[in-house]
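File shown: target_20.txt. Contents: compact mmCIF, C-alpha atoms.
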```txt
# COMPACT_ATOMS: atom_id res chain seq x y z
CA MET O 1 64.19 58.78 103.01
CA SER O 2 67.67 57.82 101.86
CA VAL O 3 68.23 56.31 98.45
CA ASP O 4 70.05 52.98 98.27
CA ARG O 5 72.28 53.61 95.26
CA ARG O 6 73.01 49.90 94.90
CA SER O 7 69.34 49.08 94.39
CA LEU O 8 69.10 51.88 91.82
CA ASP O 9 72.15 50.99 89.71
CA HIS O 10 71.06 50.19 86.17
CA SER O 11 74.32 49.09 84.57
CA SER O 12 73.16 45.46 84.45
CA VAL O 13 70.28 46.34 82.12
CA THR O 14 72.44 47.05 79.10
CA GLN O 15 72.60 43.48 77.86
CA GLY O 16 68.84 43.09 77.67
CA SER O 17 68.55 40.28 80.20
CA VAL O 18 66.30 40.40 83.25
CA THR O 19 68.67 40.16 86.20
CA GLN O 20 67.91 39.84 89.89
CA SER O 21 68.74 43.54 90.30
CA SER O 22 66.10 44.33 87.66
CA VAL O 23 63.53 42.43 89.68
CA SER O 24 64.56 44.20 92.89
CA ARG O 25 64.28 47.53 91.12
CA ARG O 26 60.81 46.60 89.96
CA ARG O 27 59.87 45.73 93.55
CA PHE O 28 61.34 49.06 94.69
CA ILE O 29 59.14 50.86 92.18
CA ARG O 30 56.04 48.91 93.17
CA ASP O 31 56.51 49.40 96.90
CA THR O 32 57.63 53.04 96.90
CA GLY O 33 55.15 53.94 94.21
CA ALA O 34 52.24 52.55 96.22
CA ALA O 35 53.51 54.26 99.34
CA ALA O 36 53.70 57.55 97.47
CA GLY O 37 50.14 57.17 96.26
CA ILE O 38 50.87 57.26 92.54
CA VAL O 39 48.39 54.54 91.62
CA VAL O 40 45.52 56.17 89.74
CA ALA O 41 42.06 55.13 90.87
CA ALA O 42 39.81 53.84 88.11
CA SER O 43 36.98 55.98 89.44
CA ALA O 44 38.89 59.27 89.12
CA LEU O 45 36.51 61.93 87.86
CA SER O 46 38.78 64.70 86.66
CA THR O 47 39.98 64.75 83.06
CA ASN O 48 42.41 66.66 80.93
CA THR O 49 39.44 68.24 79.20
CA ALA O 50 38.14 69.44 82.56
CA ALA O 51 41.62 70.78 83.36
CA ALA O 52 41.67 72.58 80.04
CA ARG O 53 38.28 74.12 80.77
CA ARG O 54 39.49 75.30 84.16
CA ALA O 55 42.51 76.84 82.43
CA GLN O 56 40.18 78.80 80.17
CA SER O 57 38.44 80.34 83.20
CA THR O 58 41.36 80.71 85.63
CA GLY O 59 44.29 81.01 83.24
CA PRO O 60 46.61 78.35 81.86
CA THR O 61 49.34 76.52 83.71
CA TRP O 62 52.73 77.61 82.39
CA LEU O 63 56.01 75.74 82.35
CA LEU O 64 59.12 77.70 81.41
CA ALA O 65 62.81 77.89 82.17
CA ARG O 66 63.99 80.86 84.20
CA GLU O 67 66.08 81.84 81.18
CA ALA O 68 62.96 81.88 79.00
CA PHE O 69 61.20 84.10 81.54
CA ASP O 70 64.19 86.45 81.64
CA ASN O 71 64.14 86.71 77.84
CA LEU O 72 60.42 87.45 77.71
CA ASN O 73 60.85 89.97 80.52
CA ASN O 74 63.73 91.79 78.80
CA PRO O 75 62.72 94.98 76.92
CA VAL O 76 66.06 94.93 75.07
CA LEU O 77 64.87 91.74 73.35
CA ASP O 78 61.42 93.28 72.83
CA GLY O 79 60.15 91.52 75.94
CA SER O 80 57.45 92.95 78.16
CA PRO O 81 57.52 92.93 81.97
CA LYS O 82 53.85 93.91 81.92
CA VAL O 83 52.84 90.93 79.80
CA CYS O 84 55.01 88.61 81.90
CA GLN O 85 53.37 89.80 85.11
CA SER O 86 49.94 89.31 83.58
CA ALA O 87 50.69 85.83 82.26
CA PHE O 88 53.05 84.36 84.84
CA GLY O 89 52.20 86.29 87.99
CA SER O 90 49.18 84.27 89.13
CA GLY O 91 51.15 81.53 90.88
CA SER O 92 50.27 78.90 88.28
CA THR O 93 53.69 78.98 86.60
CA TRP O 94 56.24 76.20 87.01
CA PHE O 95 59.68 77.83 86.76
CA ILE O 96 62.58 75.56 85.72
CA ALA O 97 66.26 75.45 86.60
CA SER O 98 68.42 72.74 85.00
CA TYR O 99 70.55 70.57 87.28
CA THR O 100 74.22 70.54 86.33
CA GLY O 101 75.66 68.92 89.44
CA ASP O 102 75.59 72.10 91.52
CA ASN O 103 73.34 71.73 94.55
CA THR O 104 73.79 75.41 95.45
CA ILE O 105 71.86 76.55 92.37
CA ALA O 106 69.35 79.33 93.11
CA SER O 107 65.59 78.98 92.86
CA PRO O 108 64.26 79.73 89.36
CA VAL O 109 61.21 81.59 90.71
CA PRO O 110 61.78 85.30 89.95
CA ALA O 111 61.70 87.89 92.71
CA GLY O 112 58.16 89.16 93.21
CA TYR O 113 56.62 86.03 91.69
CA SER O 114 55.14 82.89 93.19
CA GLY O 115 54.95 79.51 91.54
CA VAL O 116 56.34 75.99 91.50
CA ALA O 117 60.13 75.69 91.62
CA VAL O 118 61.27 72.90 89.28
CA LEU O 119 64.67 71.26 89.00
CA LYS O 120 65.07 69.68 85.56
CA PHE O 121 66.99 66.51 84.78
CA ALA O 122 67.86 64.84 81.49
CA SER O 123 68.59 61.54 83.20
CA TYR O 124 67.44 59.43 86.10
CA GLN O 125 70.93 58.29 87.06
CA ASN O 126 74.17 58.89 85.19
CA GLY O 127 76.67 59.23 88.01
CA SER O 128 76.73 63.02 88.15
CA THR O 129 73.65 64.96 87.01
CA GLY O 130 70.76 62.49 87.30
CA LEU O 131 67.93 62.67 89.82
CA VAL O 132 69.42 59.93 92.00
CA ASP O 133 72.80 61.64 91.91
CA ALA O 134 71.26 64.97 92.94
CA ILE O 135 69.37 63.36 95.81
CA ALA O 136 72.59 61.74 97.03
CA ALA O 137 74.34 65.13 96.87
CA GLY O 138 71.44 66.87 98.62
CA LEU O 139 68.70 68.69 96.76
CA PRO O 140 68.44 72.47 97.14
CA SER O 141 65.82 73.32 99.76
CA TRP O 142 63.66 75.22 97.27
CA VAL O 143 62.94 72.21 95.04
CA THR O 144 59.26 71.29 95.05
CA ALA O 145 59.11 69.56 91.66
CA VAL O 146 61.46 67.69 89.35
CA GLN O 147 61.31 67.29 85.57
CA TYR O 148 62.49 64.33 83.48
CA ASP O 149 63.41 65.65 80.04
CA ALA O 150 64.56 62.45 78.33
CA GLU O 151 65.56 62.94 74.71
CA SER O 152 67.83 61.40 72.08
CA TRP O 153 70.95 63.29 73.10
CA ALA O 154 74.13 62.77 75.07
CA ASP O 155 72.48 64.09 78.25
CA THR O 156 70.17 61.07 78.51
CA PRO O 157 71.99 57.70 78.82
CA ASP O 158 71.37 55.25 76.00
CA VAL O 159 69.78 52.73 78.36
CA GLU O 160 67.27 55.34 79.55
CA GLN O 161 66.45 56.43 76.01
CA GLY O 162 65.47 52.85 75.22
CA SER O 163 63.45 52.22 78.39
CA TRP O 164 61.06 55.12 78.75
CA LEU O 165 58.35 52.46 79.04
CA LEU O 166 58.73 48.75 79.64
CA ASN O 167 59.79 46.92 76.49
CA ARG O 168 60.76 43.48 75.32
CA HIS O 169 64.37 43.79 76.49
CA THR O 170 63.99 45.07 80.05
CA LEU O 171 61.57 45.21 82.95
CA VAL O 172 62.72 48.71 83.84
CA SER O 173 60.78 51.85 82.95
CA TYR O 174 62.89 54.86 83.77
CA ALA O 175 59.86 57.13 83.68
CA GLN O 176 58.34 54.93 86.37
CA GLU O 177 61.50 54.87 88.46
CA PHE O 178 61.90 58.64 88.18
CA CYS O 179 58.33 59.20 89.37
CA ALA O 180 58.56 56.67 92.20
CA THR O 181 61.78 58.16 93.53
CA ALA O 182 60.51 61.73 93.25
CA HIS O 183 57.21 60.91 94.94
CA SER O 184 59.01 59.12 97.77
CA HIS O 185 60.67 62.48 98.45
CA ASN O 186 57.33 64.33 98.29
CA LEU O 187 58.22 66.04 95.02
CA LYS O 188 55.88 66.89 92.16
CA VAL O 189 56.86 65.55 88.74
CA VAL O 190 56.96 66.79 85.16
CA LEU O 191 57.47 64.19 82.42
CA SER O 192 58.45 65.66 79.05
CA PRO O 193 59.87 62.96 76.75
CA GLY O 194 61.10 64.10 73.35
CA ASN O 195 59.65 62.83 70.10
CA ASP O 196 63.17 61.85 69.11
CA LEU O 197 63.19 58.93 71.54
CA CYS O 198 61.51 57.29 68.56
CA ASN O 199 64.20 56.76 65.92
CA ASP O 200 66.10 54.21 63.89
CA SER O 201 69.51 55.02 65.34
CA PRO O 202 71.48 52.08 66.81
CA ASN O 203 71.29 51.99 70.59
CA PRO O 204 74.46 50.42 72.01
CA ALA O 205 72.77 49.66 75.34
CA TYR O 206 70.52 46.97 73.87
CA PRO O 207 71.01 43.58 72.13
CA GLY O 208 72.01 43.99 68.52
CA ARG O 209 72.21 47.76 69.10
CA ARG O 210 68.52 47.89 68.22
CA PRO O 211 66.48 51.06 68.69
CA GLN O 212 63.71 50.37 71.18
CA TYR O 213 61.12 52.75 69.69
CA PRO O 214 61.81 52.45 65.95
CA LEU O 215 59.95 54.12 63.12
CA LYS O 216 57.79 52.18 60.69
CA SER O 217 56.83 52.96 57.12
CA SER O 218 53.36 53.90 58.41
CA ASP O 219 54.98 56.73 60.41
CA GLY O 220 56.04 58.44 57.20
CA GLY O 221 59.49 59.00 58.66
CA MET O 222 58.03 61.29 61.33
CA ASP O 223 59.08 60.65 64.92
CA TYR O 224 55.92 62.26 66.30
CA ASN O 225 53.78 59.64 64.53
CA ALA O 226 55.94 56.93 66.09
CA PHE O 227 55.59 58.68 69.48
CA VAL O 228 51.83 58.24 69.23
CA ARG O 229 52.07 54.68 67.88
CA HIS O 230 54.45 53.54 70.63
CA GLY O 231 52.19 55.20 73.21
CA LEU O 232 54.98 56.92 75.13
CA ALA O 233 52.36 59.13 76.81
CA ALA O 234 51.23 56.05 78.75
CA ALA O 235 53.98 57.01 81.20
CA ALA O 236 51.42 59.44 82.62
CA GLN O 237 50.14 56.48 84.63
CA TYR O 238 53.13 56.96 86.95
CA LEU O 239 52.24 60.56 87.79
CA ALA O 240 50.47 61.67 90.95
CA PRO O 241 47.39 63.93 90.83
CA GLY O 242 48.44 67.43 89.81
CA ASP O 243 51.70 66.29 88.22
CA ILE O 244 52.37 67.28 84.61
CA PHE O 245 52.83 65.40 81.37
CA GLU O 246 54.13 67.78 78.70
CA TYR O 247 54.21 66.95 75.01
CA GLN O 248 57.01 68.57 73.01
CA GLY O 249 54.91 69.38 69.98
CA GLN O 250 56.61 72.72 69.22
CA GLN O 251 58.30 71.27 66.16
CA LEU O 252 54.82 71.14 64.59
CA GLU O 253 53.65 74.63 65.49
CA LEU O 254 54.20 76.06 61.99
CA ASP O 255 51.34 73.79 60.85
CA ALA O 256 48.43 74.34 63.25
CA PRO O 257 46.24 71.45 61.96
CA THR O 258 49.05 68.91 62.38
CA TYR O 259 50.07 70.43 65.71
CA SER O 260 46.49 70.15 66.91
CA ALA O 261 45.92 66.64 65.58
CA ILE O 262 49.06 65.10 67.07
CA THR O 263 48.86 67.01 70.36
CA THR O 264 45.24 65.94 70.77
CA LYS O 265 46.17 62.29 70.21
CA VAL O 266 48.86 62.52 72.87
CA ALA O 267 46.48 64.36 75.23
CA ASN O 268 43.95 61.56 74.84
CA GLN O 269 46.60 58.96 75.65
CA VAL O 270 47.51 60.91 78.79
CA LYS O 271 43.85 61.18 79.77
CA THR O 272 43.39 57.42 79.34
CA ALA O 273 46.52 56.63 81.36
CA ASN O 274 45.87 59.13 84.14
CA PRO O 275 42.88 61.48 84.24
CA ASN O 276 44.39 63.29 87.24
CA ALA O 277 47.52 64.48 85.44
CA LEU O 278 47.80 67.93 83.89
CA PHE O 279 48.57 67.93 80.18
CA LEU O 280 50.66 70.76 78.71
CA ALA O 281 51.68 71.42 75.12
CA GLY O 282 55.05 72.71 73.96
CA LEU O 283 55.12 76.06 72.18
CA GLY O 284 58.02 78.05 70.74
CA ARG O 285 61.46 77.21 69.34
CA SER O 286 60.30 75.14 66.40
CA LYS O 287 63.58 75.69 64.54
CA PRO O 288 66.33 76.90 66.89
CA PRO O 289 68.14 79.18 67.13
CA SER O 290 65.87 81.47 65.09
CA ASP O 291 62.40 80.06 65.53
CA GLY O 292 60.64 81.16 62.37
CA ALA O 293 57.19 81.03 63.96
CA THR O 294 55.18 84.20 63.59
CA CYS O 295 52.83 85.64 66.19
CA LEU O 296 49.89 84.35 64.16
CA GLN O 297 51.35 80.83 63.88
CA LEU O 298 52.04 80.66 67.62
CA THR O 299 48.57 81.96 68.43
CA ASP O 300 46.88 79.58 66.00
CA ALA O 301 48.78 76.63 67.48
CA ALA O 302 47.98 77.62 71.06
CA THR O 303 44.29 78.17 70.43
CA ALA O 304 44.06 74.97 68.37
CA VAL O 305 44.82 72.87 71.47
CA SER O 306 43.22 75.06 74.13
CA GLY O 307 40.43 72.52 74.51
CA VAL O 308 42.78 69.67 75.46
CA ALA O 309 45.79 71.40 77.04
CA ALA O 310 45.71 72.91 80.52
CA GLY O 311 48.63 75.10 79.56
CA TYR O 312 51.93 75.36 77.70
CA TRP O 313 55.67 74.89 78.01
CA LEU O 314 57.11 78.04 76.45
CA ASN O 315 60.53 77.72 74.82
CA VAL O 316 62.14 81.07 74.08
CA ASP O 317 65.84 81.71 73.59
CA ALA O 318 67.62 85.07 73.84
CA TYR O 319 66.64 86.23 70.36
CA SER O 320 64.24 89.06 69.67
CA SER O 321 63.02 86.96 66.72
CA GLN O 322 61.66 84.50 69.30
CA VAL O 323 60.72 86.92 72.08
CA ARG O 324 58.75 89.37 69.92
CA PRO O 325 56.27 86.86 68.41
CA MET O 326 55.80 85.08 71.74
CA ILE O 327 54.96 88.34 73.52
CA CYS O 328 52.55 89.13 70.67
CA CYS O 329 51.00 85.67 71.06
CA LEU O 330 50.56 86.14 74.81
CA LYS O 331 48.84 89.45 74.18
CA LYS O 332 46.46 87.82 71.70
CA LEU O 333 45.73 85.14 74.31
CA GLY O 334 44.57 87.87 76.65
CA PHE O 335 47.70 88.74 78.58
```
Representation of the structure as structure tokens:
Amino acid sequence: MSVDRRSLDHSSVTQGSVTQSSVSRRRFIRDTGAAAGIVVAASALSTNTAAARRAQSTGPTWLLAREAFDNLNNPVLDGSPKVCQSAFGSGSTWFIASYTGDNTIASPVPAGYSGVAVLKFASYQNGSTGLVDAIAAGLPSWVTAVQYDAESWADTPDVEQGSWLLNRHTLVSYAQEFCATAHSHNLKVVLSPGNDLCNDSPNPAYPGRRPQYPLKSSDGGMDYNAFVRHGLAAAAQYLAPGDIFEYQGQQLELDAPTYSAITTKVANQVKTANPNALFLAGLGRSKPPSDGATCLQLTDAATAVSGVAAGYWLNVDAYSSQVRPMICCLKKLGF
């Protein structure tokens, strides 16, 4: 299926008015989404809790960048090939490569491993490195899943940061459009919005430069409380069965009770929105570049959410101070 770039151009959204192109985009989402089978049946029986229980018996689902795998697999950084094979060698690992505009990028799945090959995007469409742009350029043949990592950074356009879900200024949900387009190309999806989409920073793409997911006094200045209050996990409704919604809770991992409480709230929102989606929790890199999390803190955080998470997104940079405690954590988890 070819993508009509004109019907997917979002420049007219920036003034906050509902234009004819917005309506056509909404129709595109509705029609392609239904064709791709992303509507979740009300009678669906599976739940995130059931997925978490399966993970306990068959092993968790992992999501990690190829670079993170290489770091954990590198003995020079105190990594362990043996632990990596035990943890990530079952075929239930989603390996990530980030799209930078190069459609000749190699598959992130390591030699000798099987798993899901994921191409990660920080935008839906930005003219060069968004999902729509990559499709127009021709996706690498190995891509079986795509990830939408929208955060409050230059890599995600302002208009997309403010329209993760539908809001009062636009009919467009970029999470929905991303899923609809991916599903129309028979691709699995990972949604992993950052907590920092909730902030008080001016957003130039919207009327009055207003932030679309602002903090309130009840949030205590914490973006993760606003994330729960705004219900950004409701975007799980756009996922197909077996797709992933990942919550970036790693910033909380130094405090296991808070990590567990917030992650569980998000997991419950995902379960309500789509009981057929897999829910993963972020772990590692709480304070880059030198994480600060000990083996015990990582293990406590992981076990605290094992009842609601089907697995984890491991974030590990090329520092032995991150690799060593994560390998220790994996060992304590049975790998």
Residue nearest Leu131 in chain O - candidates O:Gly249, O:Gly311, O:Gly282, O:Gly101, atoms counted: all atoms listed in the file: O:Gly101
Select from range 232-301 of chain O every residue with an atom at most 10 Å from any atom of range 313-322 of chain O, then for each give the shortest pair of atoms and their distance in Å to one decimal, using all atoms listed in the file, rows by chain and rising number, as JSON lines.
```
{"residue": "O:Glu246", "atom": "CA", "partner": "O:Trp313", "partner_atom": "CA", "distance": 7.3}
{"residue": "O:Tyr247", "atom": "CA", "partner": "O:Trp313", "partner_atom": "CA", "distance": 8.6}
{"residue": "O:Gln248", "atom": "CA", "partner": "O:Trp313", "partner_atom": "CA", "distance": 8.2}
{"residue": "O:Gly249", "atom": "CA", "partner": "O:Trp313", "partner_atom": "CA", "distance": 9.8}
{"residue": "O:Gln250", "atom": "CA", "partner": "O:Asn315", "partner_atom": "CA", "distance": 8.5}
{"residue": "O:Leu280", "atom": "CA", "partner": "O:Trp313", "partner_atom": "CA", "distance": 6.5}
{"residue": "O:Ala281", "atom": "CA", "partner": "O:Trp313", "partner_atom": "CA", "distance": 6.0}
{"residue": "O:Gly282", "atom": "CA", "partner": "O:Trp313", "partner_atom": "CA", "distance": 4.6}
{"residue": "O:Leu283", "atom": "CA", "partner": "O:Leu314", "partner_atom": "CA", "distance": 5.1}
{"residue": "O:Gly284", "atom": "CA", "partner": "O:Asn315", "partner_atom": "CA", "distance": 4.8}
{"residue": "O:Arg285", "atom": "CA", "partner": "O:Asn315", "partner_atom": "CA", "distance": 5.6}
{"residue": "O:Ser286", "atom": "CA", "partner": "O:Asn315", "partner_atom": "CA", "distance": 8.8}
{"residue": "O:Pro288", "atom": "CA", "partner": "O:Asp317", "partner_atom": "CA", "distance": 8.3}
{"residue": "O:Pro289", "atom": "CA", "partner": "O:Asp317", "partner_atom": "CA", "distance": 7.3}
{"residue": "O:Ser290", "atom": "CA", "partner": "O:Ser321", "partner_atom": "CA", "distance": 6.4}
{"residue": "O:Asp291", "atom": "CA", "partner": "O:Gln322", "partner_atom": "CA", "distance": 5.9}
{"residue": "O:Gly292", "atom": "CA", "partner": "O:Ser321", "partner_atom": "CA", "distance": 7.6}
{"residue": "O:Ala293", "atom": "CA", "partner": "O:Gln322", "partner_atom": "CA", "distance": 7.8}
{"residue": "O:Thr294", "atom": "CA", "partner": "O:Gln322", "partner_atom": "CA", "distance": 8.6}
{"residue": "O:Cys295", "atom": "CA", "partner": "O:Gln322", "partner_atom": "CA", "distance": 9.4}
```
Residues near Ser123 in chain O, cut-off 7 Å, only C-alpha atoms, skip fewer than 3 positions along chain, as a list in words: Asn126, Gly130, Leu131, Tyr148, Ala150, Asp155, Thr156 and Pro157 of chain O
Saved selection, atoms kept: C-alpha atoms, as a CSV table (one decimal), in the frame of the given file:
```
chain,number,residue,atom,x,y,z
O,126,ASN,CA,74.2,58.9,85.2
O,130,GLY,CA,70.8,62.5,87.3
O,131,LEU,CA,67.9,62.7,89.8
O,148,TYR,CA,62.5,64.3,83.5
O,150,ALA,CA,64.6,62.4,78.3
O,155,ASP,CA,72.5,64.1,78.2
O,156,THR,CA,70.2,61.1,78.5
O,157,PRO,CA,72.0,57.7,78.8
```
Nearest candidate to Glu151 in chain O (options O:Pro193, O:Gly307, O:Gly138, O:Pro202; using all atoms listed in the file):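 The closest residue to Glu151 in chain O is O:Pro193.
With all atoms listed in the file as the basis for measurement, O:Tyr312 is the residue among O:Phe335, O:Tyr312, O:Trp164, O:Tyr238 that approaches Pro60 in chain O most closely.
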Contacts between range 62-71 of chain O and range 102-191 of chain O, please, where a residue of range 102-191 of chain O counts if it comes within 12 Å (with only C-alpha atoms); show its shortest atom pair and distance in Å to one decimal, rows by chain and ascending number, as a tab-separated table.
```
residue	atom	partner	partner_atom	distance
O:Ala106	CA	O:Arg66	CA	10.5
O:Ser107	CA	O:Arg66	CA	9.0
O:Pro108	CA	O:Arg66	CA	5.3
O:Val109	CA	O:Arg66	CA	7.1
O:Pro110	CA	O:Arg66	CA	7.6
O:Ala111	CA	O:Arg66	CA	11.3
O:Tyr113	CA	O:Phe69	CA	11.3
O:Gly115	CA	O:Trp62	CA	9.6
O:Val116	CA	O:Leu63	CA	9.2
O:Ala117	CA	O:Arg66	CA	9.8
O:Val118	CA	O:Ala65	CA	8.8
O:Leu119	CA	O:Ala65	CA	9.7
O:Lys120	CA	O:Ala65	CA	9.2
O:Ala145	CA	O:Leu63	CA	11.6
O:Val146	CA	O:Leu63	CA	12.0
O:Gln147	CA	O:Leu63	CA	10.5
O:Val190	CA	O:Leu63	CA	9.4
O:Leu191	CA	O:Leu63	CA	11.6
```
